[in-house]
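Have a look at the structure below, then the notes.
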Amino acid sequence: MASVSVCQYHSGGFSFENCKRNALLEADINKLGFSSPAARKTGTTICGVVYKDGVVLGADTRATEGMVVADKNCSKIHYISPNIYCCGAGTAADTEMTTQIISSNLELHSLSTGRLPRVTTANRMLKQMLFRYQGYIGAALVLGGVDCNGPHLYSIYPHGSTDKLPYVTMGSGSLAAMAVFEDRYRPNMEEEEAKRLVRDAIAAGIFNDLGSGSNIDLCVITKGNVDYLRPHDMEHHLIHTCLNFAHGTTGVLTKAVTPLNLEVVEESVQTMDTS
Amino acid sequence: MFPANVSTLNTYNDLYPDWTQREVSTGTTIMAVEFEGGVVIGADSRTTTGAYIANRVTDKLTPIHERIFCCRSGSAADTQAIADAVTYQLGFHSIELDEAPLVQTAASLFREMCYRYREELMAGIIVAGWDPRRGGQVYTVPVGGMMTRQPVSVGGSGSSYIYGYVDSNYRAGMSKEECLKFTAEALALAMERDGSSGGVVRLAVISEQGVERQAILGNQLPKFSTV
């Protein structure tokens with residue numbers, strides 16, 4: 001069976017045809033009055049700071065699906081390698097999978113080189129992957145760790161640009177957190193001061209941003225040691241303390257008891273098959 | 001890059017950093033000047049996502065090789081990726097040659113990438129450096145992928161405000177110190193008028209002796225009429 005095939009020159013690079021198709025489908029659905037399910041986003045406050053002996057990473061723990069809190073205590077500080085951790089804001093699935101993929105590749109790389117992985121390596125891998133996907137992977141990350149060259153902190157944006165800085169914030173609550181940092185950051189802080197600063201920055205995000213809330217997680221990374229403090233600080237759950245009321249708080253006006261006479265019609269026993 | 005008919009899943013507000021909708025851009029002013037014996041390059045230090053300044057101390061003067069730098073403007077992700085790729089290609093080429101690469105070679109590599117992928121990229125780059133064959137050179141590779149050598153070149157969103165200043169104040173045969181002053185003043189003027197440029201002025205001098213870098217902080221910037 002002879003067939004004439006038109007050779008289509010593959011122009012190289014990634015094909016985003018499906019992204020365009022999805023956008024058109026989205027528009028069509030909206031015209032009918034429906035909306036496609038919202039991706040779960042971590043509306044978030046994440047931040048990091050470099051201090052005297054290492055880095056402190058912080059994150060809130062709220063995950064939202066549109067206007068509803070999907071997870072009250074999700075973990076946004078992801079493991080990359082024993083000396084490197086990464087906070088993720090943006091689409092929850094994207095940050096989770098991206099950090100897992102890079103963590104896996106970095107472990108293989110580390111076994112190949114025979115050395116502890118460097119933060120700049122993780123940064124390269126993340127930025128090259130995110131650039132390849134041209135921003136369609138909605139992962140905004142704060143990457144921090146300590147390696148043979150000292151403590152390092154990077155912020156990584158969904159399109160693949162990175163900044164290497166002594167203090168960074170990301171997420172919807174980043175402006176509130178950055179305000180705290182710009183006011184109180186000093187180079188070469190002690191560990192307690194750095195932890196307090198990060199905790200206060202995340203708290204600013206939690207109280208002033210609707211997309212952030214619940215608890216504060218901290219991760220303190222130093223040379224040879226990681227303190228994963230989850231939760232480091234819990235929000236003041238005022239609502240829970242009010243659920244235990246003493247007897248007599250509410251006055252009883254009337255009391256009526258109606259006995260329900262039920263007769264047993266049938267009783268059967270079914271043995272469970274435990275073989 | 002983002003189709004116009006995509007429904008915004010979250011309300012877009014220009015005032016807060018919504019990097020799901022807006023790309024990080026080095027809204028910028030960059031500049032490079034040739035002088036006898038080398039080049040002076042300069043840039044501001046502001047990176048924005050919409051109206052939020054994502055990084056106020058950015059270093060837009062990126063080393064490509066020992067005596068070749070590039071000044072980046074446009075999309076931060078695109079220019080970082082291009083610079084990383086060209087750094088690799090140039091380093092490989094230099095090892096093959098067993099010689100310091102030419103500034104023109106670096107500029108050609110940038111042009112090759114910027115022209116081939118012109119539809120997908122938003123990058124305006126100035127390549128500047130010193131090589132033993134032709135001394136100090138400045139090549140500009142604007143958006144679209146053209147490449148041309150110029151004795152003085154400005155780029156980025158803030159450059160529009162300083163064409164007049166540059167055209168009237170540039171003279172051929174300026175010394176290194178005169179070039180530094182000229183660049184610093186031009187950048188300060190642009191940063192004053194362009195909202196997407198600001199922070200500190202980063203300068204570098206590239207010559208046979210190597211690279212000298214400096215930063216002029218806010219209070220030390222050249223001052224002009226405050227009318």
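Chain labels A, B, ... are given in the sequence in which chains occur in the structure tokens; within each chain residues are numbered consecutively from 1, and ligands are likewise numbered from 1 in the order shown.
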Quick one: residues within 7 Å of Gly144 in chain A, only C-alpha atoms counted, chain neighbours fewer than 6 positions away excluded, as an mmCIF file with all heavy atoms, in the first residue's frame?
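Writing done, so here's around-v6.cif:
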```
data_model
loop_
_atom_site.group_PDB
_atom_site.id
_atom_site.type_symbol
_atom_site.label_atom_id
_atom_site.label_comp_id
_atom_site.auth_asym_id
_atom_site.auth_seq_id
_atom_site.Cartn_x
_atom_site.Cartn_y
_atom_site.Cartn_z
ATOM 1 N N VAL A 55 21.596 28.718 56.760
ATOM 2 C CA VAL A 55 20.374 29.354 56.267
ATOM 3 C C VAL A 55 19.181 28.903 57.102
ATOM 4 O O VAL A 55 19.162 27.790 57.636
ATOM 5 C CB VAL A 55 20.088 29.041 54.774
ATOM 6 C CG1 VAL A 55 21.193 29.519 53.892
ATOM 7 C CG2 VAL A 55 19.836 27.580 54.554
ATOM 8 N N ILE A 84 20.368 20.376 51.528
ATOM 9 C CA ILE A 84 19.638 21.378 50.730
ATOM 10 C C ILE A 84 18.139 21.139 50.847
ATOM 11 O O ILE A 84 17.659 20.026 50.654
ATOM 12 C CB ILE A 84 20.025 21.291 49.235
ATOM 13 C CG1 ILE A 84 21.533 21.443 49.039
ATOM 14 C CG2 ILE A 84 19.293 22.354 48.433
ATOM 15 C CD1 ILE A 84 21.995 21.158 47.625
ATOM 16 N N TYR A 85 17.395 22.209 51.190
ATOM 17 C CA TYR A 85 15.939 22.139 51.238
ATOM 18 C C TYR A 85 15.365 23.249 50.379
ATOM 19 O O TYR A 85 16.034 24.244 50.100
ATOM 20 C CB TYR A 85 15.435 22.260 52.683
ATOM 21 C CG TYR A 85 15.516 20.960 53.451
ATOM 22 C CD1 TYR A 85 16.737 20.449 53.870
ATOM 23 C CD2 TYR A 85 14.363 20.221 53.730
ATOM 24 C CE1 TYR A 85 16.811 19.249 54.550
ATOM 25 C CE2 TYR A 85 14.437 19.022 54.421
ATOM 26 C CZ TYR A 85 15.665 18.540 54.827
ATOM 27 O OH TYR A 85 15.743 17.343 55.508
ATOM 28 N N CYS A 86 14.085 23.077 49.969
ATOM 29 C CA CYS A 86 13.486 24.005 49.027
ATOM 30 C C CYS A 86 12.039 24.294 49.422
ATOM 31 O O CYS A 86 11.250 23.366 49.577
ATOM 32 C CB CYS A 86 13.534 23.387 47.632
ATOM 33 S SG CYS A 86 12.944 24.469 46.351
ATOM 34 N N VAL A 119 24.516 23.689 46.342
ATOM 35 C CA VAL A 119 23.246 24.405 46.160
ATOM 36 C C VAL A 119 23.154 24.967 44.747
ATOM 37 O O VAL A 119 22.099 24.972 44.126
ATOM 38 C CB VAL A 119 23.102 25.533 47.196
ATOM 39 C CG1 VAL A 119 21.700 26.106 47.156
ATOM 40 C CG2 VAL A 119 23.418 25.028 48.586
ATOM 41 N N HIS A 152 24.088 29.155 51.024
ATOM 42 C CA HIS A 152 23.606 29.822 49.818
ATOM 43 C C HIS A 152 22.096 29.859 49.830
ATOM 44 O O HIS A 152 21.447 28.944 50.345
ATOM 45 C CB HIS A 152 24.060 29.069 48.562
ATOM 46 C CG HIS A 152 25.536 28.906 48.459
ATOM 47 N ND1 HIS A 152 26.377 29.897 48.016
ATOM 48 C CD2 HIS A 152 26.332 27.854 48.762
ATOM 49 C CE1 HIS A 152 27.616 29.460 48.049
ATOM 50 N NE2 HIS A 152 27.621 28.227 48.498
ATOM 51 N N LEU A 153 21.532 30.894 49.222
ATOM 52 C CA LEU A 153 20.087 31.063 49.157
ATOM 53 C C LEU A 153 19.709 31.585 47.782
ATOM 54 O O LEU A 153 20.308 32.562 47.314
ATOM 55 C CB LEU A 153 19.635 32.048 50.228
ATOM 56 C CG LEU A 153 18.135 32.251 50.420
ATOM 57 C CD1 LEU A 153 17.479 31.001 50.949
ATOM 58 C CD2 LEU A 153 17.906 33.405 51.388
ATOM 59 N N TYR A 154 18.755 30.925 47.120
ATOM 60 C CA TYR A 154 18.322 31.342 45.791
ATOM 61 C C TYR A 154 16.809 31.475 45.754
ATOM 62 O O TYR A 154 16.102 30.718 46.406
ATOM 63 C CB TYR A 154 18.707 30.317 44.722
ATOM 64 C CG TYR A 154 20.182 30.148 44.475
ATOM 65 C CD1 TYR A 154 20.933 29.264 45.228
ATOM 66 C CD2 TYR A 154 20.823 30.864 43.477
ATOM 67 C CE1 TYR A 154 22.280 29.100 44.997
ATOM 68 C CE2 TYR A 154 22.170 30.701 43.232
ATOM 69 C CZ TYR A 154 22.897 29.816 44.004
ATOM 70 O OH TYR A 154 24.234 29.649 43.767
#
```
Determine, using only C-alpha atoms, which residues of chain A have any atom at most 6 Å from an atom of chain B, and tabulate each with its shortest atom pair and distance in Å to one decimal place, rows ordered by chain and then rising number, as JSON lines.
```
{"residue": "A:Ala23", "atom": "CA", "partner": "B:Val6", "partner_atom": "CA", "distance": 5.4}
{"residue": "A:His159", "atom": "CA", "partner": "B:Ala77", "partner_atom": "CA", "distance": 5.8}
{"residue": "A:Gly160", "atom": "CA", "partner": "B:Ala77", "partner_atom": "CA", "distance": 4.9}
{"residue": "A:Ser161", "atom": "CA", "partner": "B:Ala77", "partner_atom": "CA", "distance": 3.9}
```
What parts of range 102-165 of chain A does DSSP call strand (DSSP E or B)? I'd like the answer as a count of residues only. 19
Considering only C-alpha atoms, can you say which of A:Leu262, A:Thr91, A:Gln128, A:Leu229 comes closest to Ile82 in chain B?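 Of A:Leu262, A:Thr91, A:Gln128, A:Leu229, the one nearest Ile82 in chain B is A:Gln128, counting only C-alpha atoms.
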Any idea what the distance is between CA of Cys219 in chain A and CA of Tyr133 in chain A? 28.8 Å
Taking only C-alpha atoms into account, which of B:Ser175, B:Glu36, B:Gln214, B:Thr28 comes nearest Ala123 in chain B? B:Thr28
Point-to-point distance in Å for CA of Cys47 in chain A and CA of Asp163 in chain A: 13.3 Å
Selection near range 184-199 of chain B, 8 Å with only C-alpha atoms, sequence-local residues under 4 positions removed, as a PyMOL selection string: chain B and resi 26-31+42-48+56-57+157-159+161-162+165-166+180+203+217-218+221-224
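Among the candidates A:Val180, A:Leu253, A:Ala122, A:Val198, the one nearest to Gly145 in chain A when counting only C-alpha atoms is A:Ala122.
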Which residue of B:Ala215, B:Leu109, B:Leu102, B:Met146 approaches Arg133 in chain B most closely, using only C-alpha atoms: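 Distance minimum relative to Arg133 in chain B lands on B:Leu102.
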Need to verify the contact set: Val152 in chain B, 9 Å, only C-alpha atoms, exclusion of same-chain residues closer than 5 positions in sequence. Can you return it as a ChimeraX atom specification? /B:31-34,138-139,166,170
Take the residues that were just selected and, keeping N, CA, C and O atoms, output them as a CSV table (one decimal), in the first residue's frame.
```
chain,number,residue,atom,x,y,z
B,31,MET,N,24.3,50.0,29.4
B,31,MET,CA,25.1,50.9,28.6
B,31,MET,C,26.6,50.4,28.4
B,31,MET,O,27.1,49.7,29.4
B,32,ALA,N,27.2,50.6,27.3
B,32,ALA,CA,28.6,50.2,27.2
B,32,ALA,C,29.3,51.3,26.3
B,32,ALA,O,28.7,51.8,25.3
B,33,VAL,N,30.5,51.6,26.6
B,33,VAL,CA,31.3,52.6,25.9
B,33,VAL,C,32.7,52.1,25.6
B,33,VAL,O,33.3,51.5,26.5
B,34,GLU,N,33.2,52.2,24.4
B,34,GLU,CA,34.5,51.8,24.0
B,34,GLU,C,35.5,53.0,24.4
B,34,GLU,O,35.1,54.1,24.2
B,138,VAL,N,32.4,47.0,21.6
B,138,VAL,CA,31.0,46.9,22.0
B,138,VAL,C,30.1,46.5,20.9
B,138,VAL,O,30.1,47.1,19.8
B,139,TYR,N,29.4,45.4,21.1
B,139,TYR,CA,28.4,44.9,20.0
B,139,TYR,C,27.0,44.9,20.7
B,139,TYR,O,26.8,44.5,21.8
B,166,VAL,N,23.3,61.0,25.7
B,166,VAL,CA,24.4,60.3,25.1
B,166,VAL,C,24.9,60.9,23.8
B,166,VAL,O,26.1,61.1,23.6
B,170,TYR,N,28.7,62.3,24.1
B,170,TYR,CA,29.8,61.4,23.7
B,170,TYR,C,30.8,62.0,22.8
B,170,TYR,O,30.5,62.8,21.9
```
Enumerate the residues of range 31-131 of chain A with a DSSP assignment of helix (DSSP H, G or I), computed from the backbone, and present them as a PyMOL selection string. chain A and resi 31+92-113+119-131
Once you have the residues from the selection above, write them out as a short mmCIF file (atom, residue, chain, number, x, y, z; two decimals), in the first residue's frame, restricted to N, CA and C atoms.
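This is the output file result_29.cif:
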```cif
data_model
loop_
_atom_site.label_atom_id
_atom_site.label_comp_id
_atom_site.auth_asym_id
_atom_site.auth_seq_id
_atom_site.Cartn_x
_atom_site.Cartn_y
_atom_site.Cartn_z
N LYS A 31 -17.62 30.10 28.22
CA LYS A 31 -18.76 30.66 27.46
C LYS A 31 -20.05 29.98 27.84
N ALA A 92 0.55 23.54 43.86
CA ALA A 92 1.08 22.56 44.80
C ALA A 92 1.69 21.35 44.11
N ALA A 93 1.00 20.83 43.10
CA ALA A 93 1.51 19.65 42.40
C ALA A 93 2.84 19.95 41.71
N ASP A 94 2.92 21.13 41.11
CA ASP A 94 4.14 21.49 40.39
C ASP A 94 5.34 21.58 41.33
N THR A 95 5.15 22.25 42.49
CA THR A 95 6.29 22.38 43.40
C THR A 95 6.69 21.02 43.95
N GLU A 96 5.70 20.19 44.27
CA GLU A 96 5.96 18.85 44.83
C GLU A 96 6.76 18.01 43.84
N MET A 97 6.26 17.90 42.62
CA MET A 97 6.90 17.03 41.63
C MET A 97 8.25 17.57 41.19
N THR A 98 8.33 18.89 40.97
CA THR A 98 9.60 19.48 40.52
C THR A 98 10.70 19.23 41.54
N THR A 99 10.38 19.46 42.83
CA THR A 99 11.41 19.25 43.84
C THR A 99 11.77 17.78 43.96
N GLN A 100 10.79 16.90 43.78
CA GLN A 100 11.10 15.47 43.86
C GLN A 100 11.98 15.02 42.70
N ILE A 101 11.69 15.53 41.50
CA ILE A 101 12.50 15.15 40.33
C ILE A 101 13.94 15.62 40.51
N ILE A 102 14.10 16.88 40.92
CA ILE A 102 15.46 17.41 41.07
C ILE A 102 16.18 16.72 42.22
N SER A 103 15.43 16.37 43.29
CA SER A 103 16.04 15.67 44.41
C SER A 103 16.59 14.32 43.96
N SER A 104 15.80 13.63 43.15
CA SER A 104 16.21 12.33 42.64
C SER A 104 17.44 12.46 41.74
N ASN A 105 17.39 13.41 40.81
CA ASN A 105 18.53 13.59 39.91
C ASN A 105 19.78 14.03 40.66
N LEU A 106 19.57 14.83 41.69
CA LEU A 106 20.72 15.32 42.45
C LEU A 106 21.37 14.19 43.24
N GLU A 107 20.55 13.24 43.70
CA GLU A 107 21.12 12.10 44.43
C GLU A 107 21.98 11.25 43.49
N LEU A 108 21.47 11.03 42.28
CA LEU A 108 22.25 10.28 41.29
C LEU A 108 23.55 11.02 40.96
N HIS A 109 23.44 12.33 40.80
CA HIS A 109 24.61 13.15 40.49
C HIS A 109 25.63 13.07 41.61
N SER A 110 25.12 13.11 42.86
CA SER A 110 25.99 13.06 44.03
C SER A 110 26.72 11.71 44.12
N LEU A 111 26.00 10.64 43.77
CA LEU A 111 26.65 9.33 43.78
C LEU A 111 27.70 9.24 42.69
N SER A 112 27.41 9.90 41.57
CA SER A 112 28.36 9.88 40.46
C SER A 112 29.62 10.67 40.79
N THR A 113 29.46 11.85 41.41
CA THR A 113 30.64 12.67 41.73
C THR A 113 31.32 12.21 43.00
N VAL A 119 24.52 23.69 46.34
CA VAL A 119 23.25 24.41 46.16
C VAL A 119 23.15 24.97 44.75
N THR A 120 24.32 25.43 44.22
CA THR A 120 24.29 26.00 42.88
C THR A 120 23.93 24.96 41.82
N THR A 121 24.26 23.69 42.09
CA THR A 121 23.89 22.61 41.16
C THR A 121 22.38 22.45 41.13
N ALA A 122 21.78 22.40 42.34
CA ALA A 122 20.32 22.28 42.42
C ALA A 122 19.66 23.45 41.72
N ASN A 123 20.23 24.66 41.90
CA ASN A 123 19.70 25.86 41.26
C ASN A 123 19.72 25.73 39.74
N ARG A 124 20.87 25.27 39.21
CA ARG A 124 21.00 25.10 37.76
C ARG A 124 19.96 24.14 37.22
N MET A 125 19.84 22.98 37.92
CA MET A 125 18.90 21.96 37.45
C MET A 125 17.48 22.49 37.45
N LEU A 126 17.11 23.20 38.54
CA LEU A 126 15.74 23.71 38.64
C LEU A 126 15.49 24.76 37.57
N LYS A 127 16.42 25.71 37.41
CA LYS A 127 16.15 26.79 36.45
C LYS A 127 16.11 26.28 35.03
N GLN A 128 16.96 25.29 34.71
CA GLN A 128 16.95 24.78 33.33
C GLN A 128 15.66 24.02 33.03
N MET A 129 15.14 23.30 34.05
CA MET A 129 13.89 22.58 33.83
C MET A 129 12.72 23.56 33.69
N LEU A 130 12.66 24.56 34.57
CA LEU A 130 11.55 25.51 34.52
C LEU A 130 11.59 26.34 33.24
N PHE A 131 12.79 26.69 32.76
CA PHE A 131 12.89 27.46 31.52
C PHE A 131 12.41 26.62 30.34
#
```
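For the set A:Ala59, A:Gly66, A:Ala246, A:Ala256, the residue with the smallest atom-to-atom gap to Ser35 in chain A is A:Gly66, counting only C-alpha atoms.
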As an exercise, work out the distance from CA of Pro132 in chain B to CA of Ala100 in chain B in Å and give it to one decimal place.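 Between these atoms lies a distance of 8.2 Å.
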